[in-house]
Amino acid sequence: MNPKQLVGEKATTYIKDGMIVGLGTGSTAYFAIMKIGELVKNGLSIKGVPTSKATEELAISLNIPLLAIEDVVKIDVTIDGADEFDANKNLTKGGGAALLREKIIASVTDFYVIIADAAKGSQFLGSFAVPVEVTAFGKEITIAQLKALGCIPKLRYKEGELLLTDNQNYIVDCKFEKIENPAQLSAQMNALPGVVENGLFAGMANVIISEDGKGSTITI
Ligand code: 5RP
């Protein structure tokens with residue numbers, strides 16, 4: 001089985017009847033959502049909360065019942081992907097530009113399940129540039145302030161145009177070297193007025209499921 005499908009399906013074993021489930025974004029979360037669609041078809045009663053417009057469309061196409069975000073107070077389980085993880089289960093997310101909705105949903109989740117290729121794991125974060133969602137207004141000032149925190153910042157483009165997030169903001173990908181204290185760096189970035197949210201998810205993941213290269217899953 002495709003490793004992304006393997007970990008995606010494994011993650012759904014945390015879902016029980018009656019739960020409210022956060023639905024992640026990306027090519028790995030896709031397989032978890034496909035499996036949830038199958039479980040719903042077979043009678044599982046859950047309500048989903050999508051982390052992006054793309055995931056919302058996928059969930060609707062699979063007839064997964066959804067909750068409007070304004071009706072959400074607490075989520076039982078969220079399953080999402082990651083771009084990088086460290087030895088303490090800190091994450092870098094936002095490769096798919098959905099980090100703001102992903103972090104809001106993670107912040108009210110009781111059990112946060114991450115599914116990611118084992119190759120995305122290392123002792124310290126820093127290989128993957130940290131995506132930061134910034135306001136359009138003053139973005140040049142915000143980019144300069146991010147640079148002063150020690151990164152090489154790059155505005156993200158898609159198909160030749162500046163990428164607009166689901167929330168009508170921009171993404172700046174910030175390449176740091178070794179990130180030894182993700183919680184501290186996250187707080188420093190979020191203290192900048194033009195930063196809406198950043199892609200460091202420090203201390204949020206309960207488990208990370210990856211594949212061992214031989215067709216079995218590893219859960220840390
Ligand atoms: C989207 C994300 C994704 O979860 C992350 O980019 C991983 O995606 P994939 O599973 O396709 O590698 O954070 O904003």
# chains A, B, ... in the order shown; residues from 1 in each chain; ligands from 1

$ select_by_dssp --residues "chain A" --states "strand (DSSP E or B)" --output "PyMOL selection string"
chain A and resi 20-23+47-50+66+75-81+84-85+91-92+109-115+121+125+130-134+152-155+157-158+161-162+170-175+179+195-198+200-201+207-211+217-219

$ closest_atom_pairs --of "region 92-120 of chain A" --to "region 19-33 of chain A" --cutoff "9 Å" --atoms "only C-alpha atoms" --output "tab-separated table"
residue	atom	partner	partner_atom	distance
A:Gly95	CA	A:Gly26	CA	8.4
A:Gly96	CA	A:Gly26	CA	6.3
A:Ala98	CA	A:Thr25	CA	7.0
A:Glu102	CA	A:Gly24	CA	6.9
A:Ile105	CA	A:Gly22	CA	6.7
A:Ala106	CA	A:Gly22	CA	7.8
A:Thr109	CA	A:Gly22	CA	7.7
A:Tyr112	CA	A:Gly22	CA	8.8
A:Ile114	CA	A:Ala29	CA	8.8
A:Ile115	CA	A:Thr28	CA	6.8
A:Ala116	CA	A:Thr28	CA	7.0
A:Asp117	CA	A:Thr28	CA	8.7

$ write_last_selection --atoms "N, CA and C atoms" --output "compact mmCIF listing (two decimals), in the first residue's frame"
# COMPACT_ATOMS: atom_id res chain seq x y z
N GLY A 95 2.88 23.96 4.24
CA GLY A 95 3.33 23.76 2.86
C GLY A 95 2.18 23.90 1.88
N GLY A 96 0.98 23.59 2.36
CA GLY A 96 -0.22 23.72 1.52
C GLY A 96 -0.95 25.03 1.78
N ALA A 98 -2.33 26.22 4.39
CA ALA A 98 -3.56 26.16 5.20
C ALA A 98 -3.27 26.33 6.69
N GLU A 102 -5.56 25.41 10.05
CA GLU A 102 -5.05 24.18 10.69
C GLU A 102 -4.71 24.43 12.16
N ILE A 105 -7.87 25.03 14.36
CA ILE A 105 -8.57 23.76 14.60
C ILE A 105 -7.75 22.88 15.57
N ALA A 106 -6.43 22.88 15.40
CA ALA A 106 -5.57 22.11 16.32
C ALA A 106 -5.70 22.64 17.76
N THR A 109 -8.43 21.00 19.68
CA THR A 109 -8.48 19.55 19.50
C THR A 109 -7.95 18.82 20.73
N TYR A 112 -4.50 15.25 18.78
CA TYR A 112 -4.04 15.75 17.47
C TYR A 112 -3.09 14.72 16.86
N ILE A 114 -0.84 13.40 13.80
CA ILE A 114 -0.09 13.85 12.62
C ILE A 114 0.36 12.63 11.82
N ILE A 115 0.20 12.72 10.52
CA ILE A 115 0.61 11.64 9.63
C ILE A 115 1.63 12.21 8.65
N ALA A 116 2.82 11.59 8.63
CA ALA A 116 3.91 12.19 7.83
C ALA A 116 4.95 11.14 7.48
N ASP A 117 5.52 11.29 6.33
CA ASP A 117 6.62 10.45 5.88
C ASP A 117 7.76 10.48 6.93

$ closest_residue --among "A:Lys103, A:Lys214, A:Arg156, A:Lys178" --to "Leu125 (chain A)" --atoms "only C-alpha atoms"
A:Lys178

$ closest_residue --among "A:Asp80, A:Glu211, A:Glu159, A:Asp86" --to "ligand 1" --atoms "only C-alpha atoms and all ligand atoms"
A:Asp80

$ residues_around --residues "Val132 (chain A)" --least-positions-apart "2" --cutoff "6 Å" --atoms "only C-alpha atoms" --output "compact mmCIF listing (two decimals) with C-alpha atoms, in the first residue's frame"
# COMPACT_ATOMS: atom_id res chain seq x y z
CA ILE A 171 2.51 33.43 2.72
CA VAL A 172 6.17 34.22 3.44
CA ASN A 198 3.07 31.02 11.63
CA GLY A 199 3.58 27.39 10.69

$ select_by_dssp --residues "region 23-175 of chain A" --states "helix (DSSP H, G or I)" --output "ChimeraX atom specification"
/A:29-41,53-61,69-71,99-107,118-120,139-148

$ write_last_selection --atoms "N, CA and C atoms" --output "compact mmCIF listing (two decimals), in the first residue's frame"
# COMPACT_ATOMS: atom_id res chain seq x y z
N ALA A 29 -3.18 13.76 4.34
CA ALA A 29 -4.51 13.87 4.96
C ALA A 29 -5.59 13.40 3.99
N TYR A 30 -5.35 13.58 2.71
CA TYR A 30 -6.31 13.14 1.68
C TYR A 30 -6.74 11.68 1.92
N PHE A 31 -5.75 10.82 2.22
CA PHE A 31 -6.07 9.40 2.38
C PHE A 31 -6.87 9.13 3.66
N ALA A 32 -6.60 9.91 4.69
CA ALA A 32 -7.41 9.77 5.92
C ALA A 32 -8.85 10.17 5.62
N ILE A 33 -9.02 11.25 4.88
CA ILE A 33 -10.38 11.74 4.59
C ILE A 33 -11.12 10.74 3.70
N MET A 34 -10.41 10.16 2.73
CA MET A 34 -11.04 9.14 1.88
C MET A 34 -11.55 7.98 2.74
N LYS A 35 -10.73 7.57 3.72
CA LYS A 35 -11.13 6.46 4.60
C LYS A 35 -12.31 6.88 5.48
N ILE A 36 -12.29 8.13 5.96
CA ILE A 36 -13.42 8.61 6.78
C ILE A 36 -14.70 8.59 5.95
N GLY A 37 -14.57 8.97 4.68
CA GLY A 37 -15.74 8.92 3.78
C GLY A 37 -16.30 7.51 3.70
N GLU A 38 -15.40 6.55 3.63
CA GLU A 38 -15.82 5.13 3.57
C GLU A 38 -16.51 4.73 4.88
N LEU A 39 -15.92 5.16 6.01
CA LEU A 39 -16.49 4.81 7.32
C LEU A 39 -17.88 5.44 7.48
N VAL A 40 -18.03 6.66 7.01
CA VAL A 40 -19.34 7.35 7.08
C VAL A 40 -20.35 6.59 6.24
N LYS A 41 -19.91 6.18 5.06
CA LYS A 41 -20.80 5.43 4.16
C LYS A 41 -21.27 4.13 4.83
N LYS A 53 -10.46 25.16 2.27
CA LYS A 53 -11.56 25.07 1.30
C LYS A 53 -11.42 23.80 0.47
N ALA A 54 -10.17 23.43 0.14
CA ALA A 54 -9.95 22.21 -0.66
C ALA A 54 -10.46 20.98 0.10
N THR A 55 -10.17 20.92 1.39
CA THR A 55 -10.62 19.78 2.20
C THR A 55 -12.14 19.80 2.35
N GLU A 56 -12.70 20.99 2.48
CA GLU A 56 -14.16 21.09 2.58
C GLU A 56 -14.81 20.50 1.33
N GLU A 57 -14.27 20.85 0.16
CA GLU A 57 -14.83 20.32 -1.10
C GLU A 57 -14.71 18.80 -1.15
N LEU A 58 -13.55 18.29 -0.73
CA LEU A 58 -13.35 16.83 -0.74
C LEU A 58 -14.36 16.16 0.20
N ALA A 59 -14.50 16.71 1.40
CA ALA A 59 -15.41 16.11 2.39
C ALA A 59 -16.85 16.13 1.88
N ILE A 60 -17.24 17.23 1.25
CA ILE A 60 -18.62 17.33 0.71
C ILE A 60 -18.82 16.27 -0.37
N SER A 61 -17.78 16.09 -1.21
CA SER A 61 -17.90 15.10 -2.30
C SER A 61 -18.04 13.68 -1.75
N ILE A 69 -17.62 26.34 11.34
CA ILE A 69 -16.59 26.65 12.35
C ILE A 69 -17.18 27.44 13.53
N GLU A 70 -18.21 28.25 13.26
CA GLU A 70 -18.80 29.03 14.36
C GLU A 70 -19.58 28.16 15.35
N ASP A 71 -19.83 26.91 14.98
CA ASP A 71 -20.53 25.99 15.89
C ASP A 71 -19.56 25.06 16.62
N LEU A 99 -2.08 26.82 7.03
CA LEU A 99 -1.63 26.78 8.43
C LEU A 99 -2.54 27.51 9.41
N LEU A 100 -3.17 28.61 9.00
CA LEU A 100 -3.98 29.37 9.95
C LEU A 100 -5.20 28.56 10.40
N ARG A 101 -5.94 28.05 9.43
CA ARG A 101 -7.12 27.24 9.80
C ARG A 101 -6.68 25.96 10.50
N GLU A 102 -5.56 25.41 10.05
CA GLU A 102 -5.05 24.18 10.69
C GLU A 102 -4.71 24.43 12.16
N LYS A 103 -4.10 25.59 12.44
CA LYS A 103 -3.70 25.84 13.84
C LYS A 103 -4.89 26.19 14.71
N ILE A 104 -5.86 26.91 14.15
CA ILE A 104 -7.07 27.23 14.94
C ILE A 104 -7.76 25.92 15.32
N ILE A 105 -7.87 25.03 14.36
CA ILE A 105 -8.57 23.76 14.60
C ILE A 105 -7.75 22.88 15.57
N ALA A 106 -6.43 22.88 15.40
CA ALA A 106 -5.57 22.11 16.32
C ALA A 106 -5.70 22.64 17.76
N SER A 107 -5.90 23.96 17.88
CA SER A 107 -5.90 24.58 19.22
C SER A 107 -7.11 24.15 20.06
N ALA A 118 8.36 9.33 7.23
CA ALA A 118 9.44 9.28 8.23
C ALA A 118 10.60 10.21 7.84
N ALA A 119 10.80 10.42 6.53
CA ALA A 119 11.90 11.27 6.06
C ALA A 119 11.70 12.73 6.46
N LYS A 120 10.50 13.09 6.91
CA LYS A 120 10.26 14.48 7.34
C LYS A 120 10.70 14.71 8.79
N LYS A 139 3.21 44.32 3.92
CA LYS A 139 3.93 43.03 3.86
C LYS A 139 5.44 43.22 3.74
N GLU A 140 5.87 44.34 3.10
CA GLU A 140 7.32 44.56 2.96
C GLU A 140 7.95 44.81 4.34
N ILE A 141 7.22 45.53 5.20
CA ILE A 141 7.71 45.80 6.56
C ILE A 141 7.77 44.47 7.33
N THR A 142 6.71 43.68 7.21
CA THR A 142 6.67 42.40 7.93
C THR A 142 7.80 41.48 7.46
N ILE A 143 8.05 41.47 6.16
CA ILE A 143 9.12 40.62 5.63
C ILE A 143 10.48 41.06 6.21
N ALA A 144 10.69 42.37 6.30
CA ALA A 144 11.96 42.87 6.87
C ALA A 144 12.06 42.47 8.35
N GLN A 145 10.93 42.52 9.07
CA GLN A 145 10.95 42.15 10.49
C GLN A 145 11.20 40.65 10.67
N LEU A 146 10.65 39.86 9.76
CA LEU A 146 10.90 38.41 9.83
C LEU A 146 12.38 38.13 9.56
N LYS A 147 12.94 38.85 8.60
CA LYS A 147 14.36 38.68 8.26
C LYS A 147 15.23 38.99 9.48
N ALA A 148 14.83 40.00 10.23
CA ALA A 148 15.60 40.39 11.42
C ALA A 148 15.58 39.30 12.49

$ atom_distance --atom1 "CA of Ala68 (chain A)" --atom2 "atom 10 (O, counted along the ligand's line) of ligand 1"
23.8 Å

$ closest_residue --among "A:Ala205, A:Val49, A:Leu67, A:Ala97" --to "ligand 1" --atoms "only C-alpha atoms and all ligand atoms"
A:Ala97

$ atom_distance --atom1 "CA of Lys93 (chain A)" --atom2 "CA of Gly81 (chain A)"
7.7 Å

$ closest_residue --among "A:Thr51, A:Asn206, A:Asn2, A:Ser216" --to "ligand 1" --atoms "only C-alpha atoms and all ligand atoms"
A:Thr51

$ residues_around --residues "Phe111 (chain A)" --least-positions-apart "3" --cutoff "9 Å" --atoms "only C-alpha atoms" --output "ChimeraX atom specification"
/A:14,75-79,106,204-207

$ closest_residue --among "A:Glu84, A:Val73, A:Val113, A:Glu161" --to "Ala11 (chain A)" --atoms "only C-alpha atoms"
A:Val113

$ residues_around --residues "Glu133 (chain A)" --least-positions-apart "6" --cutoff "6 Å" --atoms "only C-alpha atoms" --output "PyMOL selection string"
chain A and resi 170-171+196-197

$ write_last_selection --atoms "C-alpha atoms" --output "short mmCIF file (atom, residue, chain, number, x, y, z; two decimals), in the first residue's frame"
data_model
loop_
_atom_site.label_atom_id
_atom_site.label_comp_id
_atom_site.auth_asym_id
_atom_site.auth_seq_id
_atom_site.Cartn_x
_atom_site.Cartn_y
_atom_site.Cartn_z
CA TYR A 170 -0.04 36.07 1.76
CA ILE A 171 2.51 33.43 2.72
CA VAL A 196 -1.45 36.53 11.21
CA GLU A 197 -0.02 33.13 12.22
#

$ closest_residue --among "A:Thr165, A:Phe137, A:Gln123, A:Ile220" --to "ligand 1" --atoms "only C-alpha atoms and all ligand atoms"
A:Thr165

$ atom_distance --atom1 "CA of Asp166 (chain A)" --atom2 "CA of Pro193 (chain A)"
19.7 Å
